[in-house]
Each structure stands twice: as C-alpha cells, then as structure tokens.
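Structure record follows, encoded as structure tokens.
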Amino acid sequence: MTITDVARHAGVSTAAVSKVLRNAYGVSPAMQEKVRAAIAELGYRPHAAARGMRGRTYTIGVLLDNVRNAFFADILDGIRDELRSSEYTVLIGAAGFDPGEQARTIRAMVDRQMDGLILIAPGTAREEVLATAGATPTVVIGHHDASDLHDSVVDADDLGAGLVVDHLVALGHRDIALVSAPGTPANRWKRTPEIVLTDGYLRAMERHGLTEHARVQHAAYSDDGGFKAGMTLLTAERRPTAVMTGADVAALGIYRAAHELGLRIPDDLSLVGYNNTALAALATVRLTSVDQAGHTMGAGAARMLIERVEGRRDRAMRTTMTPRLVVRGSTAAPQGG
C-alpha cells in the first residue's frame, strides 16, 4: 500500500495526501477528513525508515529516569494528549539515574533519526544536551538553565518550596527538614529543580527566622530513596516535626519509614510531597503536595517541540508553571504546638 493508492482512493493528489500526513498548513478540514478516511479504510501505514530518508520519521523520543515516578506519567499523558491527533509517535527511553546511561539513550534516539526529543530533568552533562539540541529539536523539562539551543518547561520550584514552608510554619512547625535529590554537580547544570527547590526552602526558612533549624537530606526520588532518608531523619537525636520532599514518590518512602518506626502521620510527623500525583489523593495517603501541573507541562513541551520540528519557530522559548499547594490530611499542628 502506497501514498499513491491512498490518493487514488480519496480522489485527491499525492501532494494533498503528503500535506495531510505532515499536518501542513493550508489543508482544509474536508480534505483532512477525506484523506484520513482513505488511510483508515486501506490500513495505510507510512514506512518510518522511508520517511527518515525523506527527512522526517514522525517519532518523538522522551527521556526519563524512573518509570515508577508517577509525576512522569502525568507529563507523558500531557505529551500523548497533545500529539493524539497528529502523526507523531512517542517512544520512551527509561534510562535510570546514571548519567552515562541517560547519555547513551539520548544518542540512541538521535541515531534512530527521531524528529525531536523531550528530556525530563536529564542527568546527562549539559554540554552533551546542548550539542544534541544544536542538531535535533529538543525540549528540556525541569532544568532552569537558559539556552538559545533548546526550549524549556520549568516549574517555579523556589516559590513551591516557599508555599510549603509558609504552610508548615503557620501550623506551628519550626523543625522542618527538606528531602531533595542529590543532583550531579559534575554535569554542570547550575539550576536543576532540586537546586532551585533547595534555594527556595533555605530562603523561606531564613525569612521565618528558622535558619538554624534548616536541614537538607539528599536522596534519590524513589520509594527506596525516601525510605532511607526517612530512617535517617526520623532516628536523629533531634527529629524534625515536619518533612517536605521534592517528589511524592519519595514522600511515600518516608511514610513507610515513619510507619516502621511507629510514628503516626500527621500526629507525630507532618509530611509534604511535590508533584501532586494521583497517589497523593488516595484516601489512605491524603498527602499534602505541591501541584506542578504535570499534564500541562507535558502538553506544552510537545506543542513547543512540534513547532520547532515543523519549522514554525526557530527561537528558543521557555514556559514557567506556577505551583499551587494542595492541602490534605498529612499535615497538622505539631504535638504540643
């Protein structure tokens, strides 16, 4: 089955079919409907390799580190929904936390002639990402480092941290700890989400006169990472009365550590997540969390990427989400507070 067969079946030119397949401008809704009906009736599937030789494969690569992080599912849903009515297919590279593995995955995506890349908080060296973006349209989600080479979608993480500290202080907490990803300084990203979040936390603690109570515990954004951080903080000589984390998935690990130590949430410990994933709203969890609008971030990233892939824009753009605190049952006044 070829594009010529589709054109003959629809009663249009091959150029018209090509325009519909490319989502080109100037194609009427009636033409779109006629061609897509012919494609569906004939079961036509464009050959990806042939498309690649002509300059486009209609594939978008998405890099992430941990498929168990529910926030990434929100971002992927946004990407998928934005591209649902297009010809583009999304392929996911779950590369783990190792920067070298992430770099290899990015190179594999480029080698397979993917039209564009969406990198979610990449641990890969910034120079490599910039080199990739110079040749392949790229959107970076999470990192605040500006660049003329790639588009960016970020959350105002410093403001999000401030919202959490303000909420906990208003409840009466003073001993507030932060669990944040360790980051990889050698990769030369200066404004990663965890760095911006930590800066916002420290500034908020200083604003409330609580600098001496500030504690940052580094841990991977995973259930296991949160559990280890929780065990360290909650068995310390001076146990915090409240803990905020940079990801809901890590907060669930702290939840598990608290349970193992016989501590009740929120009676003995107030706990706050970040991302406001579906897990946070579960009746048995009821986790207070910062909403980053993950679906909107994903949809925006996909939209920006396609604009670059299709040549509708050649200048880098940056979109910033405004965080919102969603208060549930995991935070309360400290005992005796």
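Ordering of the structure tokens sets the chain letters (A, B, ...), residue numbers begin anew at 1 in every chain, and ligands are numbered from 1 in the order given.
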
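Using only C-alpha atoms, the contacts of stretch 211-216 of chain A at a cut-off of 8 Å, with sequence neighbours closer than 6 positions omitted, comprise A:Arg174, A:Asp175, A:Ile176, A:Ala177, A:Leu178, A:Val179, A:Ser180, A:Thr198, A:Leu202, A:Met205.
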
Selected residues written out with C-alpha atoms, as a PDB file, in the first residue's frame:
ATOM      1  CA  ARG A 174       9.810  25.109  63.318  1.00  0.00           C
ATOM      2  CA  ASP A 175      11.879  21.961  62.831  1.00  0.00           C
ATOM      3  CA  ILE A 176      11.210  21.490  59.090  1.00  0.00           C
ATOM      4  CA  ALA A 177      13.514  19.280  57.023  1.00  0.00           C
ATOM      5  CA  LEU A 178      13.799  19.004  53.225  1.00  0.00           C
ATOM      6  CA  VAL A 179      14.482  15.763  51.356  1.00  0.00           C
ATOM      7  CA  SER A 180      15.894  16.633  47.926  1.00  0.00           C
ATOM      8  CA  THR A 198      16.602  23.890  47.997  1.00  0.00           C
ATOM      9  CA  LEU A 202      16.502  27.882  52.644  1.00  0.00           C
ATOM     10  CA  MET A 205      13.361  29.223  56.453  1.00  0.00           C
TER      11      MET A 205
END

With only C-alpha atoms as the counted atoms, please give the residues lying no more than 9 Å from A:Tyr44, apart from itself and same-chain residues fewer than 4 positions off, as an mmCIF file with N, CA and C atoms, in the first residue's frame.
data_model
loop_
_atom_site.group_PDB
_atom_site.id
_atom_site.type_symbol
_atom_site.label_atom_id
_atom_site.label_comp_id
_atom_site.auth_asym_id
_atom_site.auth_seq_id
_atom_site.Cartn_x
_atom_site.Cartn_y
_atom_site.Cartn_z
ATOM 1 N N MET A 1 0.853 -1.185 0.000
ATOM 2 C CA MET A 1 0.000 0.000 0.000
ATOM 3 C C MET A 1 0.893 1.241 0.000
ATOM 4 N N THR A 2 0.649 2.146 -0.956
ATOM 5 C CA THR A 2 1.494 3.327 -1.078
ATOM 6 C C THR A 2 0.660 4.600 -0.961
ATOM 7 N N ILE A 3 1.354 5.717 -0.921
ATOM 8 C CA ILE A 3 0.679 7.011 -0.850
ATOM 9 C C ILE A 3 -0.148 7.254 -2.114
ATOM 10 N N ASP A 5 -1.814 4.914 -3.736
ATOM 11 C CA ASP A 5 -3.064 4.185 -3.537
ATOM 12 C C ASP A 5 -4.036 4.997 -2.679
ATOM 13 N N VAL A 6 -3.502 5.634 -1.653
ATOM 14 C CA VAL A 6 -4.346 6.466 -0.783
ATOM 15 C C VAL A 6 -4.927 7.623 -1.578
ATOM 16 N N ALA A 38 -9.617 7.595 3.863
ATOM 17 C CA ALA A 38 -8.986 6.669 2.910
ATOM 18 C C ALA A 38 -7.862 5.882 3.577
ATOM 19 N N ILE A 39 -7.074 6.555 4.437
ATOM 20 C CA ILE A 39 -5.983 5.890 5.158
ATOM 21 C C ILE A 39 -6.533 4.781 6.048
ATOM 22 N N ALA A 40 -7.622 5.108 6.760
ATOM 23 C CA ALA A 40 -8.233 4.133 7.668
ATOM 24 C C ALA A 40 -8.812 2.948 6.903
#

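Around A:Asp65, within 8 Å and counting only C-alpha atoms, the residues found are Ala94, Ala95, Gly96, Phe97, Gln102, Ile120 and Pro122 of chain A, once anything fewer than 3 positions away on its own chain is removed.
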
Got time to write the residues from that selection, N, CA, C and O atoms, as a PDB file, in the first residue's frame?
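And here's again.pdb as it stands now:
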ATOM      1  N   ALA A  94      13.503   4.915  29.234  1.00  0.00           N
ATOM      2  CA  ALA A  94      13.645   4.918  30.693  1.00  0.00           C
ATOM      3  C   ALA A  94      15.070   4.510  31.016  1.00  0.00           C
ATOM      4  O   ALA A  94      15.402   3.324  31.045  1.00  0.00           O
ATOM      5  N   ALA A  95      15.932   5.488  31.250  1.00  0.00           N
ATOM      6  CA  ALA A  95      17.373   5.242  31.284  1.00  0.00           C
ATOM      7  C   ALA A  95      17.934   5.052  32.681  1.00  0.00           C
ATOM      8  O   ALA A  95      19.132   4.780  32.826  1.00  0.00           O
ATOM      9  N   GLY A  96      17.133   5.200  33.731  1.00  0.00           N
ATOM     10  CA  GLY A  96      17.664   5.106  35.081  1.00  0.00           C
ATOM     11  C   GLY A  96      18.351   6.395  35.493  1.00  0.00           C
ATOM     12  O   GLY A  96      18.372   7.386  34.758  1.00  0.00           O
ATOM     13  N   PHE A  97      18.947   6.396  36.689  1.00  0.00           N
ATOM     14  CA  PHE A  97      19.539   7.615  37.243  1.00  0.00           C
ATOM     15  C   PHE A  97      20.975   7.863  36.778  1.00  0.00           C
ATOM     16  O   PHE A  97      21.492   8.965  36.930  1.00  0.00           O
ATOM     17  N   GLN A 102      21.865   7.604  30.623  1.00  0.00           N
ATOM     18  CA  GLN A 102      20.994   8.602  30.001  1.00  0.00           C
ATOM     19  C   GLN A 102      21.614   9.133  28.714  1.00  0.00           C
ATOM     20  O   GLN A 102      20.929   9.287  27.706  1.00  0.00           O
ATOM     21  N   ILE A 120      13.314  14.854  30.317  1.00  0.00           N
ATOM     22  CA  ILE A 120      12.743  15.208  31.616  1.00  0.00           C
ATOM     23  C   ILE A 120      13.847  15.193  32.661  1.00  0.00           C
ATOM     24  O   ILE A 120      14.376  14.137  33.009  1.00  0.00           O
ATOM     25  N   PRO A 122      17.120  15.842  32.736  1.00  0.00           N
ATOM     26  CA  PRO A 122      18.222  14.941  32.383  1.00  0.00           C
ATOM     27  C   PRO A 122      19.423  15.082  33.318  1.00  0.00           C
ATOM     28  O   PRO A 122      19.787  16.190  33.719  1.00  0.00           O
TER      29      PRO A 122
END

Which is closest to A:Asp199 among A:Leu76, A:Ala131, A:Ala156, A:Leu63, if we use only C-alpha atoms? A:Ala156

Within 9 Å of stretch 295-304 of chain A, counting only C-alpha atoms, which residues show up once you throw out same-chain ones fewer than 4 positions away? Write them as a PDB file with N, CA, C and O atoms, in the first residue's frame, please.
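What landed in part_0.pdb:
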ATOM      1  N   ILE A  60       8.940  10.926  18.272  1.00  0.00           N
ATOM      2  CA  ILE A  60       9.435  11.827  19.302  1.00  0.00           C
ATOM      3  C   ILE A  60       9.973  10.971  20.447  1.00  0.00           C
ATOM      4  O   ILE A  60       9.287  10.072  20.945  1.00  0.00           O
ATOM      5  N   PHE A  71       4.797  11.215  38.693  1.00  0.00           N
ATOM      6  CA  PHE A  71       4.750  12.536  38.079  1.00  0.00           C
ATOM      7  C   PHE A  71       5.103  12.451  36.597  1.00  0.00           C
ATOM      8  O   PHE A  71       4.548  13.179  35.776  1.00  0.00           O
ATOM      9  N   PHE A  72       6.015  11.551  36.259  1.00  0.00           N
ATOM     10  CA  PHE A  72       6.373  11.387  34.851  1.00  0.00           C
ATOM     11  C   PHE A  72       5.187  10.868  34.045  1.00  0.00           C
ATOM     12  O   PHE A  72       5.045  11.186  32.859  1.00  0.00           O
ATOM     13  N   ALA A  73       4.338  10.073  34.684  1.00  0.00           N
ATOM     14  CA  ALA A  73       3.133   9.595  33.998  1.00  0.00           C
ATOM     15  C   ALA A  73       2.225  10.769  33.648  1.00  0.00           C
ATOM     16  O   ALA A  73       1.617  10.804  32.570  1.00  0.00           O
ATOM     17  N   ASP A  74       2.130  11.758  34.553  1.00  0.00           N
ATOM     18  CA  ASP A  74       1.323  12.955  34.272  1.00  0.00           C
ATOM     19  C   ASP A  74       1.895  13.714  33.077  1.00  0.00           C
ATOM     20  O   ASP A  74       1.155  14.176  32.199  1.00  0.00           O
ATOM     21  N   ILE A  75       3.223  13.858  33.042  1.00  0.00           N
ATOM     22  CA  ILE A  75       3.868  14.549  31.921  1.00  0.00           C
ATOM     23  C   ILE A  75       3.635  13.789  30.619  1.00  0.00           C
ATOM     24  O   ILE A  75       3.284  14.380  29.584  1.00  0.00           O
ATOM     25  N   LEU A  76       3.796  12.467  30.664  1.00  0.00           N
ATOM     26  CA  LEU A  76       3.598  11.648  29.463  1.00  0.00           C
ATOM     27  C   LEU A  76       2.158  11.723  28.968  1.00  0.00           C
ATOM     28  O   LEU A  76       1.913  11.738  27.753  1.00  0.00           O
ATOM     29  N   ASP A  77       1.201  11.767  29.896  1.00  0.00           N
ATOM     30  CA  ASP A  77      -0.199  11.920  29.488  1.00  0.00           C
ATOM     31  C   ASP A  77      -0.396  13.225  28.737  1.00  0.00           C
ATOM     32  O   ASP A  77      -1.128  13.286  27.737  1.00  0.00           O
ATOM     33  N   GLY A  78       0.234  14.291  29.215  1.00  0.00           N
ATOM     34  CA  GLY A  78       0.125  15.580  28.533  1.00  0.00           C
ATOM     35  C   GLY A  78       0.735  15.544  27.144  1.00  0.00           C
ATOM     36  O   GLY A  78       0.167  16.073  26.182  1.00  0.00           O
ATOM     37  N   ILE A  79       1.905  14.900  27.016  1.00  0.00           N
ATOM     38  CA  ILE A  79       2.557  14.763  25.704  1.00  0.00           C
ATOM     39  C   ILE A  79       1.662  13.967  24.761  1.00  0.00           C
ATOM     40  O   ILE A  79       1.418  14.361  23.615  1.00  0.00           O
ATOM     41  N   ARG A  80       1.165  12.854  25.257  1.00  0.00           N
ATOM     42  CA  ARG A  80       0.326  11.972  24.437  1.00  0.00           C
ATOM     43  C   ARG A  80      -0.944  12.677  23.978  1.00  0.00           C
ATOM     44  O   ARG A  80      -1.330  12.603  22.810  1.00  0.00           O
ATOM     45  N   ASP A  81      -1.604  13.377  24.898  1.00  0.00           N
ATOM     46  CA  ASP A  81      -2.857  14.051  24.544  1.00  0.00           C
ATOM     47  C   ASP A  81      -2.622  15.163  23.528  1.00  0.00           C
ATOM     48  O   ASP A  81      -3.452  15.394  22.639  1.00  0.00           O
ATOM     49  N   GLU A  82      -1.498  15.867  23.657  1.00  0.00           N
ATOM     50  CA  GLU A  82      -1.193  16.942  22.713  1.00  0.00           C
ATOM     51  C   GLU A  82      -0.940  16.390  21.310  1.00  0.00           C
ATOM     52  O   GLU A  82      -1.294  17.016  20.312  1.00  0.00           O
ATOM     53  N   LEU A  83      -0.334  15.202  21.225  1.00  0.00           N
ATOM     54  CA  LEU A  83       0.029  14.630  19.929  1.00  0.00           C
ATOM     55  C   LEU A  83      -0.994  13.631  19.400  1.00  0.00           C
ATOM     56  O   LEU A  83      -0.805  13.063  18.329  1.00  0.00           O
ATOM     57  N   ILE A 118      12.267  15.136  24.021  1.00  0.00           N
ATOM     58  CA  ILE A 118      11.823  15.785  25.255  1.00  0.00           C
ATOM     59  C   ILE A 118      12.586  15.111  26.381  1.00  0.00           C
ATOM     60  O   ILE A 118      12.433  13.910  26.612  1.00  0.00           O
ATOM     61  N   VAL A 139      13.398  19.764  23.816  1.00  0.00           N
ATOM     62  CA  VAL A 139      12.786  20.488  24.929  1.00  0.00           C
ATOM     63  C   VAL A 139      13.287  19.846  26.217  1.00  0.00           C
ATOM     64  O   VAL A 139      13.254  18.626  26.363  1.00  0.00           O
ATOM     65  N   VAL A 140      13.769  20.667  27.141  1.00  0.00           N
ATOM     66  CA  VAL A 140      14.212  20.192  28.452  1.00  0.00           C
ATOM     67  C   VAL A 140      13.160  20.569  29.481  1.00  0.00           C
ATOM     68  O   VAL A 140      12.813  21.748  29.622  1.00  0.00           O
ATOM     69  N   ILE A 141      12.638  19.577  30.188  1.00  0.00           N
ATOM     70  CA  ILE A 141      11.662  19.826  31.245  1.00  0.00           C
ATOM     71  C   ILE A 141      12.376  19.773  32.593  1.00  0.00           C
ATOM     72  O   ILE A 141      13.093  18.827  32.886  1.00  0.00           O
ATOM     73  N   ASP A 151      14.323  24.512  23.900  1.00  0.00           N
ATOM     74  CA  ASP A 151      13.192  25.079  24.630  1.00  0.00           C
ATOM     75  C   ASP A 151      13.177  24.512  26.043  1.00  0.00           C
ATOM     76  O   ASP A 151      13.756  23.445  26.305  1.00  0.00           O
ATOM     77  N   SER A 152      12.501  25.200  26.960  1.00  0.00           N
ATOM     78  CA  SER A 152      12.453  24.762  28.356  1.00  0.00           C
ATOM     79  C   SER A 152      11.045  24.882  28.909  1.00  0.00           C
ATOM     80  O   SER A 152      10.313  25.831  28.599  1.00  0.00           O
ATOM     81  N   VAL A 153      10.675  23.906  29.732  1.00  0.00           N
ATOM     82  CA  VAL A 153       9.434  23.971  30.510  1.00  0.00           C
ATOM     83  C   VAL A 153       9.832  23.729  31.959  1.00  0.00           C
ATOM     84  O   VAL A 153      10.390  22.677  32.283  1.00  0.00           O
ATOM     85  N   VAL A 154       9.576  24.705  32.822  1.00  0.00           N
ATOM     86  CA  VAL A 154      10.014  24.593  34.211  1.00  0.00           C
ATOM     87  C   VAL A 154       8.864  24.935  35.157  1.00  0.00           C
ATOM     88  O   VAL A 154       7.858  25.523  34.772  1.00  0.00           O
ATOM     89  N   ASP A 155       9.047  24.528  36.413  1.00  0.00           N
ATOM     90  CA  ASP A 155       8.153  24.929  37.484  1.00  0.00           C
ATOM     91  C   ASP A 155       8.899  25.937  38.348  1.00  0.00           C
ATOM     92  O   ASP A 155      10.115  25.828  38.514  1.00  0.00           O
ATOM     93  N   ARG A 308       9.075  23.538  16.568  1.00  0.00           N
ATOM     94  CA  ARG A 308      10.467  23.564  16.111  1.00  0.00           C
ATOM     95  C   ARG A 308      10.705  22.514  15.022  1.00  0.00           C
ATOM     96  O   ARG A 308      11.385  22.777  14.022  1.00  0.00           O
ATOM     97  N   VAL A 309      10.143  21.316  15.224  1.00  0.00           N
ATOM     98  CA  VAL A 309      10.328  20.243  14.241  1.00  0.00           C
ATOM     99  C   VAL A 309       9.789  20.661  12.884  1.00  0.00           C
ATOM    100  O   VAL A 309      10.399  20.398  11.843  1.00  0.00           O
ATOM    101  N   ARG A 313       8.952  27.862  14.163  1.00  0.00           N
ATOM    102  CA  ARG A 313       9.641  28.773  15.084  1.00  0.00           C
ATOM    103  C   ARG A 313      11.099  28.353  15.149  1.00  0.00           C
ATOM    104  O   ARG A 313      11.411  27.170  15.173  1.00  0.00           O
ATOM    105  N   MET A 317      12.236  29.026  23.377  1.00  0.00           N
ATOM    106  CA  MET A 317      11.189  29.529  24.261  1.00  0.00           C
ATOM    107  C   MET A 317      11.311  28.868  25.621  1.00  0.00           C
ATOM    108  O   MET A 317      11.860  27.781  25.758  1.00  0.00           O
ATOM    109  N   THR A 319       8.734  28.177  29.124  1.00  0.00           N
ATOM    110  CA  THR A 319       7.430  28.271  29.780  1.00  0.00           C
ATOM    111  C   THR A 319       7.600  27.914  31.252  1.00  0.00           C
ATOM    112  O   THR A 319       8.243  26.917  31.576  1.00  0.00           O
ATOM    113  N   THR A 320       7.037  28.743  32.137  1.00  0.00           N
ATOM    114  CA  THR A 320       7.160  28.509  33.574  1.00  0.00           C
ATOM    115  C   THR A 320       5.787  28.253  34.187  1.00  0.00           C
ATOM    116  O   THR A 320       4.859  29.043  33.989  1.00  0.00           O
ATOM    117  N   MET A 321       5.669  27.153  34.908  1.00  0.00           N
ATOM    118  CA  MET A 321       4.430  26.823  35.616  1.00  0.00           C
ATOM    119  C   MET A 321       4.435  27.479  37.002  1.00  0.00           C
ATOM    120  O   MET A 321       5.472  27.574  37.650  1.00  0.00           O
TER     121      MET A 321
END

Report as a ChimeraX atom specification all protein, DNA and RNA residues lying within 7 Å of stretch 249-254 of chain A, evaluated on only C-alpha atoms, omitting residues in the same chain fewer than 3 positions from it. /A:69,221-227,230,245,257-258,272-273

Would you write out those residues with C-alpha atoms, as a short mmCIF file (atom, residue, chain, number, x, y, z; two decimals), in the first residue's frame?
data_model
loop_
_atom_site.label_atom_id
_atom_site.label_comp_id
_atom_site.auth_asym_id
_atom_site.auth_seq_id
_atom_site.Cartn_x
_atom_site.Cartn_y
_atom_site.Cartn_z
CA ASN A 69 7.75 8.19 39.45
CA TYR A 221 13.44 10.49 44.11
CA SER A 222 12.21 6.95 44.60
CA ASP A 223 10.35 4.99 47.27
CA ASP A 224 13.61 3.43 48.43
CA GLY A 225 15.39 6.78 48.45
CA GLY A 226 12.62 8.33 50.53
CA PHE A 227 12.65 5.38 52.94
CA GLY A 230 13.18 8.97 56.39
CA THR A 245 10.17 16.29 49.81
CA ALA A 257 9.83 4.70 57.32
CA ALA A 258 7.53 6.53 59.76
CA VAL A 272 4.52 17.19 52.29
CA GLY A 273 5.18 15.89 48.79
#

Within 12 Å of stretch 109-112 of chain A, counting only C-alpha atoms, which residues qualify if same-chain residues fewer than 5 places away don't, as a short mmCIF file (atom, residue, chain, number, x, y, z; two decimals) with N, CA, C and O atoms, in the first residue's frame?
data_model
loop_
_atom_site.label_atom_id
_atom_site.label_comp_id
_atom_site.auth_asym_id
_atom_site.auth_seq_id
_atom_site.Cartn_x
_atom_site.Cartn_y
_atom_site.Cartn_z
N ALA A 48 8.40 4.13 8.34
CA ALA A 48 9.21 5.07 9.12
C ALA A 48 10.59 5.26 8.51
O ALA A 48 11.11 6.37 8.48
N ALA A 49 11.22 4.18 8.06
CA ALA A 49 12.58 4.31 7.51
C ALA A 49 12.57 5.16 6.25
O ALA A 49 13.45 6.01 6.05
N ARG A 51 10.40 7.43 5.52
CA ARG A 51 10.16 8.80 5.95
C ARG A 51 11.47 9.44 6.42
O ARG A 51 11.75 10.60 6.16
N GLY A 52 12.27 8.65 7.17
CA GLY A 52 13.53 9.17 7.68
C GLY A 52 14.45 9.60 6.56
O GLY A 52 15.11 10.63 6.65
N MET A 53 14.49 8.83 5.47
CA MET A 53 15.34 9.19 4.34
C MET A 53 14.84 10.48 3.69
O MET A 53 15.61 11.23 3.13
N ARG A 56 12.02 13.05 7.73
CA ARG A 56 11.23 13.01 8.96
C ARG A 56 10.74 11.60 9.23
O ARG A 56 10.33 10.89 8.32
N THR A 57 10.80 11.18 10.51
CA THR A 57 10.35 9.84 10.89
C THR A 57 9.04 9.87 11.68
O THR A 57 8.47 8.83 11.97
N TYR A 58 8.61 11.07 12.08
CA TYR A 58 7.37 11.24 12.86
C TYR A 58 7.44 10.47 14.18
O TYR A 58 6.47 9.89 14.63
N THR A 59 8.64 10.46 14.78
CA THR A 59 8.80 9.87 16.10
C THR A 59 9.42 10.91 17.04
O THR A 59 10.29 11.68 16.64
N ILE A 60 8.94 10.93 18.27
CA ILE A 60 9.43 11.83 19.30
C ILE A 60 9.97 10.97 20.45
O ILE A 60 9.29 10.07 20.95
N GLY A 61 11.20 11.22 20.86
CA GLY A 61 11.80 10.48 21.96
C GLY A 61 11.64 11.24 23.27
O GLY A 61 11.86 12.45 23.33
N VAL A 62 11.24 10.52 24.32
CA VAL A 62 11.10 11.11 25.66
C VAL A 62 12.04 10.38 26.61
O VAL A 62 11.94 9.17 26.77
N LEU A 63 12.95 11.13 27.23
CA LEU A 63 13.89 10.56 28.18
C LEU A 63 13.40 10.81 29.61
O LEU A 63 13.03 11.94 29.96
N VAL A 90 5.19 8.61 20.10
CA VAL A 90 6.10 8.86 21.22
C VAL A 90 6.78 7.56 21.63
O VAL A 90 6.12 6.55 21.87
N LEU A 91 8.11 7.58 21.71
CA LEU A 91 8.88 6.44 22.17
C LEU A 91 9.62 6.85 23.44
O LEU A 91 10.27 7.90 23.49
N ILE A 92 9.53 6.03 24.49
CA ILE A 92 10.05 6.38 25.81
C ILE A 92 11.37 5.67 26.08
O ILE A 92 11.50 4.47 25.87
N GLY A 93 12.33 6.44 26.56
CA GLY A 93 13.61 5.88 26.99
C GLY A 93 13.74 6.02 28.49
O GLY A 93 13.99 7.11 29.00
N ALA A 94 13.50 4.92 29.23
CA ALA A 94 13.64 4.92 30.69
C ALA A 94 15.07 4.51 31.02
O ALA A 94 15.40 3.32 31.05
N ALA A 95 15.93 5.49 31.25
CA ALA A 95 17.37 5.24 31.28
C ALA A 95 17.93 5.05 32.68
O ALA A 95 19.13 4.78 32.83
N GLN A 102 21.86 7.60 30.62
CA GLN A 102 20.99 8.60 30.00
C GLN A 102 21.61 9.13 28.71
O GLN A 102 20.93 9.29 27.71
N ALA A 103 22.91 9.39 28.76
CA ALA A 103 23.59 9.89 27.56
C ALA A 103 23.52 8.87 26.43
O ALA A 103 23.28 9.23 25.26
N ARG A 104 23.71 7.59 26.75
CA ARG A 104 23.63 6.54 25.73
C ARG A 104 22.22 6.45 25.14
O ARG A 104 22.05 6.24 23.93
N LEU A 117 13.31 15.58 20.64
CA LEU A 117 13.49 14.94 21.95
C LEU A 117 12.89 15.80 23.06
O LEU A 117 12.99 17.03 23.03
N ILE A 118 12.27 15.14 24.02
CA ILE A 118 11.82 15.79 25.26
C ILE A 118 12.59 15.11 26.38
O ILE A 118 12.43 13.91 26.61
N LEU A 119 13.43 15.86 27.06
CA LEU A 119 14.28 15.32 28.12
C LEU A 119 13.74 15.80 29.47
O LEU A 119 13.72 17.00 29.74
N VAL A 129 23.87 17.71 26.16
CA VAL A 129 22.50 18.08 25.82
C VAL A 129 22.50 19.25 24.84
O VAL A 129 21.73 19.26 23.87
N ALA A 131 24.85 20.03 22.70
CA ALA A 131 25.32 19.53 21.40
C ALA A 131 24.20 18.80 20.68
O ALA A 131 24.02 18.96 19.46
N THR A 132 23.43 18.01 21.42
CA THR A 132 22.30 17.29 20.83
C THR A 132 21.25 18.28 20.33
O THR A 132 20.74 18.16 19.21
N ALA A 133 20.94 19.28 21.16
CA ALA A 133 19.90 20.25 20.80
C ALA A 133 20.31 21.10 19.60
O ALA A 133 19.46 21.60 18.87
N GLY A 134 21.62 21.24 19.39
CA GLY A 134 22.08 22.01 18.23
C GLY A 134 21.77 21.31 16.92
O GLY A 134 21.70 21.96 15.87
N ALA A 135 21.56 19.98 16.98
CA ALA A 135 21.29 19.22 15.76
C ALA A 135 19.88 18.67 15.69
O ALA A 135 19.34 18.46 14.60
N THR A 136 19.26 18.41 16.85
CA THR A 136 17.92 17.83 16.91
C THR A 136 17.04 18.69 17.80
O THR A 136 17.43 18.99 18.93
N PRO A 137 15.86 19.11 17.33
CA PRO A 137 14.97 19.92 18.18
C PRO A 137 14.75 19.24 19.53
O PRO A 137 14.45 18.05 19.60
N THR A 138 14.94 20.01 20.61
CA THR A 138 14.91 19.45 21.95
C THR A 138 14.19 20.37 22.92
O THR A 138 14.35 21.59 22.87
#
